[in-house]
>>> print(open('input-v4.tsv').read())   # TSV, C-alpha atoms
chain	number	residue	atom	x	y	z
A	180	MET	CA	-4.69	-23.29	13.25
A	181	ALA	CA	-1.81	-21.98	11.19
A	182	LYS	CA	-1.61	-18.66	9.34
A	183	TYR	CA	-0.63	-18.64	5.70
A	184	LEU	CA	0.24	-15.79	3.37
A	185	LEU	CA	0.13	-17.24	-0.12
A	186	ILE	CA	1.46	-14.96	-2.84
A	187	GLU	CA	0.43	-15.59	-6.42
A	188	SER	CA	2.38	-13.80	-9.15
A	189	ARG	CA	1.25	-15.84	-12.16
A	190	ASP	CA	-1.62	-15.37	-14.55
A	191	PRO	CA	-3.89	-18.36	-15.23
A	192	PHE	CA	-3.91	-17.37	-18.91
A	193	ASP	CA	-0.23	-18.24	-19.27
A	194	SER	CA	0.40	-20.57	-16.31
A	195	SER	CA	-2.03	-23.42	-15.86
A	196	ASP	CA	-0.46	-24.19	-12.49
A	197	SER	CA	-2.03	-20.96	-11.27
A	198	GLU	CA	-5.31	-22.89	-11.01
A	199	TYR	CA	-3.56	-25.59	-8.97
A	200	PHE	CA	-2.27	-22.90	-6.65
A	201	CYS	CA	-5.84	-21.70	-6.09
A	202	GLU	CA	-6.78	-25.30	-5.28
A	203	LEU	CA	-3.96	-25.35	-2.74
A	204	VAL	CA	-5.27	-22.12	-1.22
A	205	GLU	CA	-8.77	-23.58	-0.99
A	206	GLY	CA	-7.49	-26.83	0.51
A	207	ILE	CA	-5.48	-25.09	3.22
A	208	SER	CA	-8.48	-22.90	4.05
A	209	ASN	CA	-10.89	-25.84	4.17
A	210	ARG	CA	-8.67	-27.47	6.79
A	211	GLY	CA	-9.43	-24.61	9.14
A	212	ASN	CA	-6.31	-22.53	8.63
A	213	GLU	CA	-6.25	-18.76	8.28
A	214	VAL	CA	-5.35	-18.02	4.67
A	215	ILE	CA	-4.61	-14.76	2.93
A	216	LEU	CA	-4.04	-14.77	-0.83
A	217	PHE	CA	-2.06	-11.84	-2.19
A	218	LEU	CA	-2.23	-11.29	-5.95
A	219	VAL	CA	0.68	-9.44	-7.51
A	220	GLN	CA	2.09	-8.86	-11.01
A	221	ASN	CA	0.15	-10.72	-13.72
A	222	ALA	CA	-1.85	-12.61	-11.09
A	223	VAL	CA	-4.20	-9.61	-10.87
A	224	PHE	CA	-5.55	-10.24	-14.38
A	225	PRO	CA	-8.40	-12.50	-13.13
A	226	LEU	CA	-9.66	-9.52	-11.12
A	227	ARG	CA	-10.67	-7.62	-14.24
A	228	SER	CA	-14.46	-7.69	-14.55
A	229	GLY	CA	-15.49	-10.08	-17.33
A	230	SER	CA	-12.36	-12.24	-17.19
A	231	LYS	CA	-13.08	-15.92	-17.80
A	232	HIS	CA	-11.10	-16.58	-14.61
A	233	ASN	CA	-13.27	-14.39	-12.32
A	234	ASP	CA	-14.75	-17.57	-10.87
A	235	LEU	CA	-11.34	-18.74	-9.58
A	236	ILE	CA	-11.26	-15.79	-7.22
A	237	ASP	CA	-14.99	-15.74	-6.48
A	238	LYS	CA	-14.79	-19.33	-5.32
A	239	LEU	CA	-11.99	-18.49	-2.88
A	240	LEU	CA	-13.87	-15.49	-1.53
A	241	LYS	CA	-16.91	-17.69	-0.90
A	242	ASN	CA	-14.61	-20.09	1.00
A	243	LYS	CA	-13.67	-17.26	3.39
A	244	VAL	CA	-10.21	-16.75	1.91
A	245	LYS	CA	-9.11	-13.14	2.29
A	246	VAL	CA	-7.94	-11.92	-1.12
A	247	LEU	CA	-5.64	-8.93	-1.42
A	248	ALA	CA	-4.42	-7.28	-4.61
A	249	ASP	CA	-1.33	-5.15	-5.17
A	250	ASN	CA	-2.30	-1.57	-6.01
A	251	PHE	CA	0.79	-1.07	-8.21
A	252	SER	CA	0.09	-4.20	-10.29
A	253	LEU	CA	-3.55	-3.16	-10.79
A	254	LYS	CA	-2.54	0.33	-11.87
A	255	GLU	CA	0.06	-1.00	-14.33
A	256	ARG	CA	-2.66	-3.11	-15.97
A	257	ALA	CA	-5.38	-0.45	-15.91
A	258	ILE	CA	-7.66	-2.49	-13.65
A	259	LYS	CA	-9.44	0.33	-11.88
A	260	ARG	CA	-12.10	-1.69	-10.05
A	261	PRO	CA	-11.23	-5.27	-9.12
A	262	LEU	CA	-13.83	-7.90	-8.23
A	263	ASP	CA	-16.05	-7.19	-5.24
A	264	GLY	CA	-14.61	-8.56	-2.02
A	265	VAL	CA	-10.99	-8.06	-3.02
A	266	GLU	CA	-9.00	-5.60	-0.91
A	267	VAL	CA	-6.50	-3.37	-2.68
A	268	VAL	CA	-3.31	-2.92	-0.64
A	269	ASP	CA	0.16	-1.46	-0.89
A	270	MET	CA	3.40	-3.32	-0.27
A	271	GLY	CA	3.64	-2.00	3.27
A	272	ARG	CA	0.59	-4.08	4.18
A	273	ILE	CA	2.31	-7.20	2.84
A	274	VAL	CA	5.39	-6.47	4.92
A	275	ASP	CA	3.12	-6.19	7.98
A	276	LEU	CA	1.54	-9.56	7.18
A	277	LEU	CA	4.91	-11.22	6.55
A	278	LEU	CA	6.10	-10.10	9.98
A	279	GLU	CA	3.03	-11.29	11.87
A	280	PRO	CA	4.31	-14.03	14.21
A	281	GLY	CA	3.60	-17.55	13.02
A	282	THR	CA	2.82	-16.60	9.44
A	283	LYS	CA	4.02	-19.00	6.74
A	284	ALA	CA	4.66	-17.23	3.45
A	285	ILE	CA	4.73	-19.07	0.14
A	286	TRP	CA	5.45	-17.40	-3.21
A	287	HIS	CA	4.21	-18.84	-6.50
B	1202	MET	CA	12.17	4.72	13.76
B	1203	ALA	CA	13.76	1.27	13.84
B	1204	SER	CA	11.32	-1.51	14.71
B	1205	GLY	CA	13.96	-4.04	15.73
B	1206	LYS	CA	12.38	-6.57	13.38
B	1207	THR	CA	14.21	-8.24	10.51
B	1208	LEU	CA	12.92	-9.57	7.20
B	1209	THR	CA	14.99	-11.92	5.05
B	1210	ILE	CA	14.38	-12.18	1.31
B	1211	GLY	CA	15.84	-14.64	-1.19
B	1212	ILE	CA	15.88	-13.57	-4.85
B	1213	MET	CA	16.81	-15.68	-7.88
B	1214	ASP	CA	15.76	-13.80	-11.02
B	1215	ALA	CA	18.30	-11.99	-13.18
B	1216	PRO	CA	17.68	-8.28	-13.80
B	1217	TYR	CA	15.51	-7.11	-16.70
B	1218	GLU	CA	13.83	-10.51	-17.15
B	1219	SER	CA	10.97	-10.76	-14.68
B	1220	ALA	CA	8.61	-8.57	-12.70
B	1221	ASN	CA	9.81	-10.59	-9.71
B	1222	SER	CA	12.87	-8.33	-9.50
B	1223	THR	CA	10.76	-5.19	-9.29
B	1224	THR	CA	8.44	-6.74	-6.71
B	1225	ALA	CA	11.35	-7.92	-4.59
B	1226	LEU	CA	12.85	-4.43	-4.58
B	1227	ARG	CA	9.44	-2.98	-3.68
B	1228	VAL	CA	9.14	-5.36	-0.72
B	1229	ILE	CA	12.61	-4.36	0.48
B	1230	ASP	CA	11.77	-0.66	0.03
B	1231	ALA	CA	8.52	-1.02	2.01
B	1232	ALA	CA	10.23	-2.93	4.82
B	1233	LEU	CA	13.02	-0.36	5.16
B	1234	LYS	CA	10.48	2.50	5.18
B	1235	LYS	CA	8.69	0.75	8.04
B	1236	GLY	CA	11.94	0.71	10.01
B	1237	HIS	CA	12.74	-2.98	9.62
B	1238	ASN	CA	16.18	-4.45	9.00
B	1239	VAL	CA	16.37	-6.44	5.77
B	1240	ASN	CA	18.64	-9.30	4.76
B	1241	VAL	CA	18.83	-10.08	1.05
B	1242	PHE	CA	20.35	-13.21	-0.40
B	1243	THR	CA	20.76	-13.23	-4.17
B	1244	TYR	CA	21.20	-16.56	-5.89
B	1245	GLU	CA	21.81	-17.59	-9.49
B	1246	GLY	CA	21.08	-14.77	-11.97
B	1247	ALA	CA	20.02	-12.34	-9.24
B	1248	VAL	CA	23.68	-11.71	-8.40
B	1249	ASN	CA	23.72	-9.49	-11.51
B	1250	LEU	CA	21.30	-7.02	-9.90
B	1251	THR	CA	24.17	-5.11	-8.32
B	1252	MET	CA	26.71	-5.19	-11.20
B	1253	LYS	CA	28.47	-1.84	-11.27
B	1254	GLY	CA	28.94	-1.79	-15.06
B	1255	GLN	CA	25.22	-1.51	-15.87
B	1256	GLN	CA	24.54	1.48	-18.12
B	1257	PRO	CA	21.31	3.10	-19.26
B	1258	HIS	CA	20.93	3.19	-23.01
B	1259	PRO	CA	19.34	5.31	-25.75
B	1260	ASN	CA	16.62	3.91	-28.00
B	1261	PRO	CA	17.87	3.98	-31.60
B	1262	VAL	CA	14.52	2.76	-32.95
B	1263	LYS	CA	12.71	5.75	-31.48
B	1264	GLY	CA	15.71	8.04	-31.91
B	1265	THR	CA	15.70	9.00	-28.23
B	1266	SER	CA	18.76	9.78	-26.13
B	1267	VAL	CA	19.89	8.25	-22.83
B	1268	GLU	CA	18.53	11.32	-21.04
B	1269	GLN	CA	15.16	11.11	-22.79
B	1270	GLU	CA	14.82	7.40	-22.12
B	1271	GLN	CA	15.58	7.69	-18.37
B	1272	HIS	CA	16.28	3.97	-18.44
B	1273	PRO	CA	16.46	2.63	-14.87
B	1274	THR	CA	19.16	0.19	-13.80
B	1275	THR	CA	18.81	-2.29	-10.97
B	1276	LYS	CA	22.20	-1.31	-9.54
B	1277	ASP	CA	20.91	2.25	-9.08
B	1278	TRP	CA	17.74	0.98	-7.44
B	1279	VAL	CA	19.74	-1.20	-5.05
B	1280	ALA	CA	22.09	1.72	-4.30
B	1281	SER	CA	19.04	3.83	-3.43
B	1282	LEU	CA	17.88	1.10	-1.03
B	1283	PHE	CA	21.23	1.26	0.76
B	1284	ASN	CA	20.82	5.04	1.00
B	1285	LEU	CA	17.30	4.58	2.35
B	1286	ALA	CA	18.48	2.12	5.00
B	1287	SER	CA	21.19	4.52	6.08
B	1288	ALA	CA	18.75	7.43	6.27
B	1289	ARG	CA	16.28	5.38	8.34
B	1290	GLY	CA	18.94	4.00	10.68
B	1291	VAL	CA	18.24	0.37	9.80
B	1292	LYS	CA	20.43	-2.35	8.33
B	1293	LEU	CA	20.34	-3.69	4.79
B	1294	ASP	CA	22.61	-6.72	4.56
B	1295	TRP	CA	22.85	-7.73	0.88
B	1296	VAL	CA	24.69	-10.99	0.21
B	1297	ASN	CA	25.54	-12.15	-3.31
B	1298	CYS	CA	26.11	-15.91	-3.61
B	1299	GLY	CA	29.83	-16.26	-4.26
B	1300	LEU	CA	29.63	-19.38	-6.44
B	1301	CYS	CA	26.92	-17.77	-8.59
B	1302	VAL	CA	29.07	-14.64	-8.87
B	1303	ASP	CA	32.12	-16.62	-9.98
B	1304	GLU	CA	30.15	-18.58	-12.59
B	1305	ARG	CA	28.94	-15.33	-14.11
B	1306	GLY	CA	32.06	-13.20	-13.68
B	1307	ALA	CA	29.78	-10.84	-11.79
B	1308	GLY	CA	32.10	-9.75	-8.98
B	1309	ASP	CA	32.33	-6.04	-9.76
B	1310	TRP	CA	29.42	-4.58	-7.88
B	1311	ILE	CA	28.36	-1.31	-6.30
B	1312	ASP	CA	29.21	-0.36	-2.71
B	1313	GLY	CA	27.10	-2.16	-0.13
B	1314	PRO	CA	26.65	-5.85	-1.05
B	1315	ARG	CA	29.00	-8.52	0.25
B	1316	ARG	CA	30.01	-11.98	-0.88
B	1317	GLY	CA	28.56	-15.01	0.90
B	1318	GLY	CA	26.92	-18.38	0.47
B	1319	PRO	CA	23.76	-20.38	1.17
B	1320	LYS	CA	24.81	-20.74	4.82
B	1321	ASP	CA	24.46	-16.98	5.18
B	1322	PHE	CA	20.89	-17.29	3.95
B	1323	LEU	CA	20.15	-20.07	6.43
B	1324	ASP	CA	21.71	-18.12	9.31
B	1325	ALA	CA	19.82	-14.96	8.32
B	1326	SER	CA	16.53	-16.86	8.09
B	1327	VAL	CA	16.97	-18.44	11.50
B	1328	ALA	CA	17.73	-15.07	13.06
B	1329	SER	CA	14.91	-13.21	11.29
B	1330	ASP	CA	11.29	-12.57	12.14
B	1331	ALA	CA	10.19	-13.67	8.66
B	1332	THR	CA	11.61	-15.05	5.44
B	1333	LEU	CA	10.28	-14.76	1.90
B	1334	VAL	CA	11.78	-16.69	-1.02
B	1335	ILE	CA	10.97	-15.42	-4.50
B	1336	PRO	CA	11.99	-18.25	-6.84
B	1337	THR	CA	12.32	-18.19	-10.62
B	1338	LYS	CA	9.43	-19.42	-12.71
>>> encode(input="input-v4.tsv", output="C-alpha coordinates")
Amino acid sequence: MAKYLLIESRDPFDSSDSEYFCELVEGISNRGNEVILFLVQNAVFPLRSGSKHNDLIDKLLKNKVKVLADNFSLKERAIKRPLDGVEVVDMGRIVDLLLEPGTKAIWH
Amino acid sequence: MASGKTLTIGIMDAPYESANSTTALRVIDAALKKGHNVNVFTYEGAVNLTMKGQQPHPNPVKGTSVEQEQHPTTKDWVASLFNLASARGVKLDWVNCGLCVDERGAGDWIDGPRRGGPKDFLDASVASDATLVIPTK
(Lines of atoms letter the chains of each structure in order from A and count residues from 1; the text may use other names and numbers.)
(Lines give C-alpha, C1' and ligand atoms only; values in the text may rest on other atoms or scores of the structure.)
Protein backbone atom coordinates (compact mmCIF):
# COMPACT_ATOMS: atom_id res chain seq x y z
CA MET A 1 0.00 0.00 0.00
CA ALA A 2 1.43 3.33 -1.06
CA LYS A 3 0.90 6.71 0.59
CA TYR A 4 -0.22 9.64 -1.51
CA LEU A 5 -0.48 13.33 -0.72
CA LEU A 6 -2.57 14.83 -3.49
CA ILE A 7 -2.70 18.62 -3.51
CA GLU A 8 -5.54 20.34 -5.32
CA SER A 9 -5.21 24.06 -5.97
CA ARG A 10 -7.94 24.49 -8.59
CA ASP A 11 -11.59 25.35 -8.25
CA PRO A 12 -14.13 23.14 -10.05
CA PHE A 13 -16.02 26.30 -11.03
CA ASP A 14 -13.19 27.42 -13.31
CA SER A 15 -11.29 24.18 -13.97
CA SER A 16 -13.34 21.20 -15.07
CA ASP A 17 -10.28 18.99 -14.66
CA SER A 18 -10.66 19.51 -10.93
CA GLU A 19 -13.46 16.91 -11.05
CA TYR A 20 -11.13 14.51 -12.89
CA PHE A 21 -8.57 15.02 -10.15
CA CYS A 22 -11.17 14.00 -7.56
CA GLU A 23 -11.84 10.89 -9.64
CA LEU A 24 -8.12 10.16 -9.55
CA VAL A 25 -8.12 10.57 -5.77
CA GLU A 26 -11.07 8.20 -5.47
CA GLY A 27 -9.47 5.65 -7.80
CA ILE A 28 -6.19 5.59 -5.91
CA SER A 29 -8.07 5.21 -2.63
CA ASN A 30 -10.28 2.42 -3.95
CA ARG A 31 -7.16 0.45 -4.85
CA GLY A 32 -6.30 0.26 -1.17
CA ASN A 33 -3.76 3.07 -0.98
CA GLU A 34 -3.58 5.63 1.80
CA VAL A 35 -4.68 8.94 0.31
CA ILE A 36 -4.70 12.41 1.76
CA LEU A 37 -6.23 15.24 -0.28
CA PHE A 38 -5.05 18.73 0.62
CA LEU A 39 -7.15 21.61 -0.68
CA VAL A 40 -5.37 24.94 -1.09
CA GLN A 41 -6.00 28.26 -2.85
CA ASN A 42 -9.25 28.27 -4.87
CA ALA A 43 -9.69 24.54 -4.32
CA VAL A 44 -11.28 25.32 -0.95
CA PHE A 45 -14.36 26.86 -2.60
CA PRO A 46 -16.28 23.54 -2.69
CA LEU A 47 -16.00 23.48 1.11
CA ARG A 48 -18.36 26.43 1.51
CA SER A 49 -21.71 25.15 2.77
CA GLY A 50 -24.27 25.25 -0.05
CA SER A 51 -21.76 25.02 -2.90
CA LYS A 52 -23.00 22.93 -5.81
CA HIS A 53 -19.69 21.06 -5.57
CA ASN A 54 -20.10 19.97 -1.91
CA ASP A 55 -20.85 16.46 -3.15
CA LEU A 56 -17.39 16.15 -4.77
CA ILE A 57 -15.81 16.33 -1.34
CA ASP A 58 -18.55 14.43 0.49
CA LYS A 59 -18.07 11.51 -1.86
CA LEU A 60 -14.34 11.39 -1.11
CA LEU A 61 -14.93 11.56 2.63
CA LYS A 62 -17.35 8.63 2.37
CA ASN A 63 -14.61 6.72 0.50
CA LYS A 64 -12.29 7.14 3.51
CA VAL A 65 -10.13 9.79 1.86
CA LYS A 66 -8.69 12.14 4.46
CA VAL A 67 -9.42 15.70 3.34
CA LEU A 68 -7.38 18.60 4.67
CA ALA A 69 -7.92 22.30 3.97
CA ASP A 70 -5.44 25.15 4.18
CA ASN A 71 -6.38 27.55 6.99
CA PHE A 72 -4.93 30.56 5.13
CA SER A 73 -6.90 29.84 1.94
CA LEU A 74 -10.13 29.43 3.92
CA LYS A 75 -9.56 32.70 5.76
CA GLU A 76 -8.81 34.59 2.54
CA ARG A 77 -12.15 33.41 1.14
CA ALA A 78 -14.17 33.96 4.32
CA ILE A 79 -15.05 30.28 4.67
CA LYS A 80 -15.36 30.08 8.43
CA ARG A 81 -16.79 26.58 8.74
CA PRO A 82 -15.88 24.08 6.02
CA LEU A 83 -17.82 20.87 5.38
CA ASP A 84 -18.03 18.37 8.23
CA GLY A 85 -15.21 15.84 8.13
CA VAL A 86 -12.66 18.22 6.65
CA GLU A 87 -9.65 18.99 8.84
CA VAL A 88 -8.30 22.54 8.78
CA VAL A 89 -4.49 22.60 8.88
CA ASP A 90 -1.57 24.98 8.57
CA MET A 91 1.32 24.65 6.14
CA GLY A 92 3.53 23.08 8.80
CA ARG A 93 1.27 20.02 8.77
CA ILE A 94 1.73 19.71 5.00
CA VAL A 95 5.49 19.87 5.38
CA ASP A 96 5.25 17.05 7.94
CA LEU A 97 3.20 14.95 5.51
CA LEU A 98 5.54 15.66 2.61
CA LEU A 99 8.47 14.41 4.66
CA GLU A 100 6.80 11.20 5.82
CA PRO A 101 8.89 8.39 4.29
CA GLY A 102 7.35 6.81 1.22
CA THR A 103 4.86 9.58 0.54
CA LYS A 104 4.22 10.46 -3.09
CA ALA A 105 3.15 14.07 -3.52
CA ILE A 106 1.28 15.28 -6.59
CA TRP A 107 0.24 18.90 -7.15
CA HIS A 108 -2.69 19.84 -9.38
CA MET B 1 16.89 23.10 15.81
CA ALA B 2 17.97 21.55 12.52
CA SER B 3 16.14 18.33 11.69
CA GLY B 4 18.69 17.07 9.16
CA LYS B 5 15.88 16.58 6.65
CA THR B 6 15.74 18.25 3.25
CA LEU B 7 12.77 19.25 1.12
CA THR B 8 13.15 20.11 -2.57
CA ILE B 9 10.62 22.32 -4.32
CA GLY B 10 10.29 23.12 -8.03
CA ILE B 11 8.47 26.33 -8.95
CA MET B 12 7.45 27.51 -12.42
CA ASP B 13 5.04 30.44 -12.03
CA ALA B 14 6.18 34.01 -12.63
CA PRO B 15 5.65 36.47 -9.76
CA TYR B 16 2.38 38.38 -9.38
CA GLU B 17 0.43 35.99 -11.63
CA SER B 18 -0.67 33.03 -9.54
CA ALA B 19 -1.41 32.09 -5.96
CA ASN B 20 1.03 29.23 -6.58
CA SER B 21 3.91 31.62 -5.88
CA THR B 22 2.52 32.59 -2.49
CA THR B 23 1.81 28.97 -1.58
CA ALA B 24 5.29 27.87 -2.62
CA LEU B 25 6.86 30.57 -0.44
CA ARG B 26 4.60 29.53 2.45
CA VAL B 27 5.72 25.90 2.11
CA ILE B 28 9.37 27.00 2.13
CA ASP B 29 8.75 29.24 5.15
CA ALA B 30 7.05 26.41 7.08
CA ALA B 31 9.81 23.94 6.25
CA LEU B 32 12.57 26.32 7.37
CA LYS B 33 10.69 27.08 10.61
CA LYS B 34 10.56 23.35 11.29
CA GLY B 35 14.35 23.18 10.94
CA HIS B 36 14.49 21.52 7.54
CA ASN B 37 16.92 22.35 4.75
CA VAL B 38 15.18 23.47 1.57
CA ASN B 39 16.30 23.29 -2.05
CA VAL B 40 14.41 25.47 -4.51
CA PHE B 41 14.63 25.16 -8.26
CA THR B 42 12.96 27.92 -10.24
CA TYR B 43 12.12 27.26 -13.85
CA GLU B 44 10.62 29.37 -16.63
CA GLY B 45 8.92 32.54 -15.31
CA ALA B 46 9.70 31.71 -11.68
CA VAL B 47 13.29 32.90 -12.20
CA ASN B 48 11.85 36.43 -11.95
CA LEU B 49 10.89 35.90 -8.30
CA THR B 50 14.32 37.05 -7.14
CA MET B 51 14.90 39.97 -9.57
CA LYS B 52 16.64 42.73 -7.64
CA GLY B 53 15.01 45.57 -9.59
CA GLN B 54 11.48 44.90 -8.32
CA GLN B 55 9.96 48.02 -6.78
CA PRO B 56 6.79 48.58 -4.80
CA HIS B 57 4.46 51.11 -6.38
CA PRO B 58 1.85 53.71 -5.41
CA ASN B 59 -1.76 53.38 -6.54
CA PRO B 60 -2.62 56.41 -8.69
CA VAL B 61 -6.27 55.33 -9.00
CA LYS B 62 -6.74 55.44 -5.24
CA GLY B 63 -4.25 58.28 -4.79
CA THR B 64 -2.21 56.30 -2.28
CA SER B 65 1.55 56.47 -1.84
CA VAL B 66 4.14 53.67 -1.90
CA GLU B 67 4.21 53.77 1.90
CA GLN B 68 0.43 53.58 2.20
CA GLU B 69 0.18 50.73 -0.28
CA GLN B 70 2.84 48.59 1.45
CA HIS B 71 3.07 46.63 -1.78
CA PRO B 72 5.01 43.41 -1.20
CA THR B 73 7.64 42.20 -3.65
CA THR B 74 8.65 38.58 -4.11
CA LYS B 75 12.35 39.46 -3.97
CA ASP B 76 11.82 40.83 -0.44
CA TRP B 77 9.91 37.70 0.56
CA VAL B 78 12.68 35.48 -0.78
CA ALA B 79 15.31 37.62 0.97
CA SER B 80 13.40 37.14 4.22
CA LEU B 81 13.46 33.37 3.67
CA PHE B 82 17.26 33.48 3.36
CA ASN B 83 17.37 35.47 6.61
CA LEU B 84 15.09 32.92 8.26
CA ALA B 85 17.29 30.02 7.13
CA SER B 86 20.36 31.76 8.50
CA ALA B 87 18.66 32.47 11.82
CA ARG B 88 17.51 28.84 12.16
CA GLY B 89 20.88 27.38 11.16
CA VAL B 90 19.50 25.52 8.14
CA LYS B 91 20.32 25.72 4.45
CA LEU B 92 18.23 27.34 1.73
CA ASP B 93 19.75 26.51 -1.64
CA TRP B 94 17.89 28.54 -4.29
CA VAL B 95 18.79 27.73 -7.90
CA ASN B 96 17.53 29.79 -10.83
CA CYS B 97 17.52 27.93 -14.15
CA GLY B 98 20.27 29.59 -16.18
CA LEU B 99 18.67 29.12 -19.60
CA CYS B 100 15.38 30.57 -18.32
CA VAL B 101 17.31 33.49 -16.82
CA ASP B 102 19.10 34.22 -20.09
CA GLU B 103 15.88 34.10 -22.11
CA ARG B 104 14.34 36.67 -19.82
CA GLY B 105 17.37 38.85 -19.14
CA ALA B 106 16.68 38.11 -15.49
CA GLY B 107 20.23 37.69 -14.19
CA ASP B 108 20.32 40.59 -11.72
CA TRP B 109 19.01 39.06 -8.55
CA ILE B 110 19.25 39.54 -4.80
CA ASP B 111 21.97 37.95 -2.66
CA GLY B 112 21.42 34.25 -2.03
CA PRO B 113 20.23 32.48 -5.20
CA ARG B 114 22.66 30.84 -7.60
CA ARG B 115 22.60 29.90 -11.26
CA GLY B 116 22.07 26.26 -12.23
CA GLY B 117 20.16 23.90 -14.46
CA PRO B 118 17.71 20.99 -14.48
CA LYS B 119 20.52 18.63 -13.42
CA ASP B 120 20.74 20.53 -10.15
CA PHE B 121 17.06 19.84 -9.61
CA LEU B 122 17.52 16.14 -10.32
CA ASP B 123 20.53 15.92 -8.01
CA ALA B 124 18.69 17.81 -5.26
CA SER B 125 15.64 15.57 -5.59
CA VAL B 126 17.69 12.39 -5.38
CA ALA B 127 19.46 13.65 -2.27
CA SER B 128 16.31 14.95 -0.56
CA ASP B 129 13.77 13.37 1.75
CA ALA B 130 10.89 14.70 -0.35
CA THR B 131 10.24 16.65 -3.54
CA LEU B 132 7.26 18.79 -4.49
CA VAL B 133 6.80 20.21 -7.99
CA ILE B 134 4.36 23.10 -8.35
CA PRO B 135 3.72 23.40 -12.08
CA THR B 136 1.99 26.19 -13.97
CA LYS B 137 -1.67 25.80 -14.83
>>> residues_around(input="input-v4.tsv", residues="Cys1298 of chain B", least_positions_apart="4", cutoff="10 Å", atoms="only C-alpha atoms", output="list in words")
Phe1242, Thr1243, Tyr1244, Glu1245, Gly1246, Ala1247, Val1248, Val1302, Asp1303, Arg1315, Arg1316, Gly1317, Gly1318, Pro1319, Lys1320, Asp1321 and Phe1322 of chain B
>>> residues_near_point(input="input-v4.tsv", point="(-5.7, -22.5, 13.4)", cutoff="7 Å", atoms="only C-alpha atoms", output="list in words")
Met180, Ala181, Lys182, Gly211, Asn212 and Glu213 of chain A
>>> write_last_selection(input="input-v4.tsv", atoms="C-alpha atoms", output="mmCIF file, keeping the file's coordinate frame")
data_model
loop_
_atom_site.group_PDB
_atom_site.id
_atom_site.type_symbol
_atom_site.label_atom_id
_atom_site.label_comp_id
_atom_site.auth_asym_id
_atom_site.auth_seq_id
_atom_site.Cartn_x
_atom_site.Cartn_y
_atom_site.Cartn_z
ATOM 1 C CA MET A 180 -4.690 -23.290 13.250
ATOM 2 C CA ALA A 181 -1.810 -21.980 11.190
ATOM 3 C CA LYS A 182 -1.610 -18.660 9.340
ATOM 4 C CA GLY A 211 -9.430 -24.610 9.140
ATOM 5 C CA ASN A 212 -6.310 -22.530 8.630
ATOM 6 C CA GLU A 213 -6.250 -18.760 8.280
#
>>> residues_around(input="input-v4.tsv", residues="segment 257-267 of chain A", least_positions_apart="6", cutoff="10 Å", atoms="all atoms listed in the file", output="number ranges by chain")
A: 216-218, 223-229, 233, 236-237, 240-241, 245-251
>>> residues_around(input="input-v4.tsv", residues="segment 1325-1330 of chain B", least_positions_apart="3", cutoff="7 Å", atoms="only C-alpha atoms", output="NGL selection string")
(:A and (278)) or (:B and (1206-1209 or 1240 or 1321-1322))
>>> atom_distance(input="input-v4.tsv", atom1="atom CA of Thr1224 of chain B", atom2="atom CA of Asn221 of chain A")
11.6 Å
>>> interface_residues(input="input-v4.tsv", of="chain A", to="chain B", cutoff="9 Å", atoms="all atoms listed in the file", output="NGL selection string")
:A and (188-189 or 219-221 or 269-275 or 277-287)
>>> atom_distance(input="input-v4.tsv", atom1="atom CA of Ala1225 of chain B", atom2="atom CA of Met1202 of chain B")
22.3 Å
>>> atom_distance(input="input-v4.tsv", atom1="atom CA of Leu239 of chain A", atom2="atom CA of Pro191 of chain A")
14.8 Å
>>> residues_around(input="input-v4.tsv", residues="Gln1271 of chain B", least_positions_apart="5", cutoff="9 Å", atoms="all atoms listed in the file", output="JSON, numbers by chain")
{"B": [1257, 1258, 1259, 1266]}
>>> axis_aligned_box(input="input-v4.tsv", around="segment 265-272 of chain A", padding_each_side="8 Å", output="lines of an AutoDock Vina configuration file")
center_x = -3.7
center_y = -4.8
center_z = 0.6
size_x = 30.6
size_y = 22.6
size_z = 23.2
>>> closest_residue(input="input-v4.tsv", among="B:Gly1264, B:Asp1294, B:Ile1210, B:Leu1300", to="Leu1282 of chain B", atoms="all atoms listed in the file")
B:Asp1294
>>> residues_around(input="input-v4.tsv", residues="Leu1293 of chain B", least_positions_apart="6", cutoff="7 Å", atoms="all atoms listed in the file", output="PyMOL selection string")
chain B and resi 1238-1240+1283+1286
